[in-house]
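Undergrad: One structure follows; several queries about it will come next.
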Amino acid sequence: MKKVDKTVSILIVIIIFAITIIPTCVYARTAIILGSRYQVDYYEVLTAQSVANDIAGNFSGRGFVVYNWYGASTTRDNIYRAAGGVGDSRVAIFYIGHGDKKYVWNWAGWIWYRELQYLIYDDSGNEVFDKDIYSYSLNTSTRLAFLWSCHQGNEIGGFHWSGTPYGMPLAWLHTSDLSSDGYRNPYSNPSGLVFIGFNGRAPYLSIELGGVDQAGAMFVREFYKQLLYGCSEIVGGTCIPESVRQALDMAAYRVWGTTFGDSILYQGYDLNNDGVVDGRAVIYGDGNVNWWDLH
Amino acid sequence: MIIKRLVHYSFFCLALLLLLSVSLLQNVNASGISEVDVARDFLYEVAKIDPSACKVYWSSIMSSSISVGSVRVLEIDEGVLVLPGGNGSAKTFGVEVDIKAKIFCGVNESFEALFLFTNGVLEWYRLYSLSPLNRPESFTLVSGLKRYPLRAVEATYAKFTLKQYLSRAIEAVSTLRKLINVSEGYYVKLIKMIEKTMADGSLNVEDDEGALTIELKDDSLYHVRVRFEEKVLGVRVPFRAIELEISRDGVVSGFINSISVYQIATTEIKVSREEALSTAMRYIERYAKKMGVNVVNISISLMFNRDYYGLRKGGPLKLYPAWKVLAKFDRLICCHVFGYAVSMWADTGEVFYAAPQGYYGPIPLSNSGGSPAPVVLILLLTITTLLASLILLRKVVRR
């Protein structure tokens with residue numbers, strides 16, 4: 001009997017120590033980094049490649065299965081695979097590259113309609129449309145989609161007269177029931193989905209923005225660092241990771257010294273000083289998502 | 001027998017848990033306990049969250065070092081870029097403590113307060129609403145006002161005029177001065193500037209030492225923003241700021257105290273504006289010539305840069321003067337490049353950034369992967385119709 005007591009005691013000790021020592025995350029989830037170098041300036045490619053590696057490292061450090069497809073691996077097929085979640089049900093996506101919007105003909109079953117669609121490019125310059133991404137995102141695996149590309153956050157999206165889906169937030173998250181300002185009023189249905197993109201032009205990561213050189217690169221690095229390592233060393237109590245909007249705030253503060261809401265990225269920027277606002281970052285959905293939700 | 005054994009195991013588990021808690025508490029004492037006290041006092045005394053109306057739970061304390069990893073300064077063709085990596089080891093410049101508190105007010109109203117302490121100084125605080133009812137469809141300013149919970153103070157502050165919000169800001173700043181280790185002079189200056197805006201009704205006040213901006217927002221939680229930025233050599237320094245945000249019902253919902261954390265490393269300008277421009281033009285002209293474009297517009301400004309990558313000895317909490325030169329080209333060139341920027345330290349003249357300026361935008365000629373062009377289908381339909389008509393006509397003629 002004493003032997004049993006001893007075994008049980010040892011087991012309890014092991015369990016308690018395991019709980020305290022083993023990292024919170026045990027079940028690996030997926031992060032996919034996509035990046036098209038097509039018609040992108042050399043300096044920007046160097047910067048974006050470095051940022052992609054950083055993001056991959058941060059996700060990997062948190063136990064995520066990481067697909068860093070920046071460059072040649074960002075093919076149309078791999079973008080579709082990413083939209084499908086590469087077999088996982090919780091995926092974080094980051095895409096960087098050129099983007100566009102254009103009118104295309106959509107077949108409504110009996111007639112063609114000319115309707116506005118959004119698109120990104122693969123590394124060879126092939127167009128990848130929102131409506132096609134939507135058809136691959138059926139299992140709603142994408143929880144956090146961050147598209148550093150122009151126009152991809154112009155609108156949440158919906159369905160055209162022809163029944164064709166449009167809008168990148170809808171395409172990746174497979175729902176249009178998203179808050180139009182996930183930073184100030186976080187909400188999504190189903191909950192825990194968030195899209196970060198740009199309404200208008202997206203600045204190169206390597207350019208000077210708001211008086212800060214390579215501001216975009218710093219911002220993206222800080223955002224993922226805050227999101228994933230907002231609670232790396234627990235001193236007391238239970239560690240609660242930073243949410244997307246808290247990470248956005250912290251990242252903006254590290255770069256520009258303000259909150260994200262007051263930063264040049266959210267307020268809008270005039271890239272070539274011609275008095276016209278070229279674009280601004282937008283958050284759709286649930287900005288209260290944290291990496292536990294992604295995990 | 002079984003009960004006896006269960007009791008035995010329970011005592012054993014309890015003892016272990018007790019040991020664990022003690023070790024955690026020791027860690028908290030080592031770094032974080034004084035910060036928790038300040039954070040608690042801040043919530044009740046400065047932010048004015050009423051403990052009788054809201055329950056506050058301190059959910060996590062995290063301590064980490066402020067470090068800068070090694071970097072590579074790439075000098076490629078015409079440009080200079082800084083990228084992480086390289087062979088050096090990370091350098092540490094202090095300790096950061098993050099504290100989070102969950103605040104529950106009423107049935108459906110919950111908030112999270114986020115505190116950041118840098119080297120023992122409260123640098124950042126912000127209140128986030130976690131209420132699930134904040135759906136955009138139902139969110140209006142009126143319902144927002146009702147939903148923000150701090151009803152105990154709402155009665156006092158709900159019908160604020162701008163002057164009353166500013167009085168609230170002065171009250172908060174005065175309490176802050178007593179509570180945290182702050183640079184006294186700047187806070188006195190801030191109070192004086194707020195008083196000036198109250199007297200003359202202006203929303204922007206600026207003198208040789210600093211600039212105050214007051215902003216009214218269409219936002220219940222961050223309704224009034226009061227921001228002071230120090231001016232050094234006539235230049236506003238965003239990382240030397242004090243900022244307060246006040247909710248519609250008078251609660252302090254945001255606070256930035258970068259002025260107590262980031263320090264100006266030097267105000268010595270050894271490189272003149274002309275010298276800076278001349279150095280920058282060498283980079284700009286080299287690139288413009290290579291790309292076959294003309295420079296149409298050049299601007300130069302002095303700024304105080306945070307040394308984010310730790311290129312200088314002082315570390316990331318030091319601010320250095322830098323000349324920023326931005327050139328605009330006469331046309332957009334490949335890959336949406338519209339200009340070129342060069343930055344150099346104004347005290348040493350060393351160029352630490354030189355790169356083309358561009359953006360991600362539409363590509364004029366790309367490989368379409370979209371729907372098949374309906375023209376082909378229309379053509380096919382026309383041919384089929386023509387063929388069918390011909391066959392029919394032939395049949396009719398034969399008859």
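Chain identifiers are assigned as A, B, and so on, following the order in which chains appear in the structure tokens; residues are numbered from 1 within each chain, and ligands are numbered from 1 in order of appearance.
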Residues near A:Ala252, anyone? I mean within 8 Å using only C-alpha atoms, not counting same-chain ones fewer than 6 positions away, as a PyMOL selection string.
TA: chain A and resi 219+258-260+263
Undergrad: Write out as a PyMOL selection string the residues lying within 8 Å of stretch 273-286 of chain B, counting only C-alpha atoms and excluding same-chain residues fewer than 6 positions away.
TA: chain B and resi 78-79+295+300+323+325+327+340-344+346+349+354
Undergrad: In terms of the shortest atom-to-atom distance over only C-alpha atoms, which of A:Asn106, A:Thr175, A:Ser36, A:Ser135 is closest to chain B?
TA: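 The shortest atom-to-atom distance to chain B comes from A:Asn106.
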Undergrad: Would you pick out the contacts of stretch 110-127 of chain A at 7 Å or less, using only C-alpha atoms, so that residues sharing its chain but fewer than 6 positions from it are not included, and give the list as an MDAnalysis selection string?
TA: (chainID A and resid 36:38 71:72 74:76 97:104 152 162 166:168) or (chainID B and resid 366:369)
Undergrad: I want to know what sits within 12 Å of A:Val65, based on only C-alpha atoms, with residues of the same chain fewer than 6 positions away left out; could you give that as a list in words?
TA: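 That gives Val26, Tyr27, Ala28, Arg29, Thr30, Ala31, Ile32, Ile33, Ala56, Gly57, Asn58, Phe59, Gly85, Val86, Gly87, Asp88, Arg90, Val91, Ala92, Leu294 and His295 of chain A.
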Undergrad: What does the structure give for the distance between atom CA of B:Phe239 and atom CA of B:Tyr262, in Å to one decimal?
TA: 6.4 Å
Undergrad: Compare B:Thr267, B:Asn87, B:Ser129, B:Ser260 by their minimum atom-to-atom distance to chain A, counting only C-alpha atoms, and give me the closest one.
TA: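 Checking each candidate against chain A, we get B:Ser129 as the closest.
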Undergrad: Check the DSSP output for the backbone and give back, as a ChimeraX atom specification, the residues of stretch 107-258 of chain A in alpha helix (DSSP H).
TA: /A:130-136,168-173,215-229,244-256
Undergrad: Hey, which of A:Trp69, A:Tyr187, A:Tyr95, A:Trp291 ends up closest to A:Lys225? Count only C-alpha atoms.
TA: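 The answer is A:Trp291, which sits nearest to A:Lys225.
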Undergrad: What is the distance, in Å and to one decimal place, between atom CA of B:Arg40 and atom CA of B:Ser63?
TA: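 That distance, rounded to one decimal, is 17.3 Å.
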Undergrad: Hey, which of B:Tyr359, B:Tyr187, B:Phe255, B:Tyr309 ends up closest to chain A? Count only C-alpha atoms.
TA: B:Tyr359
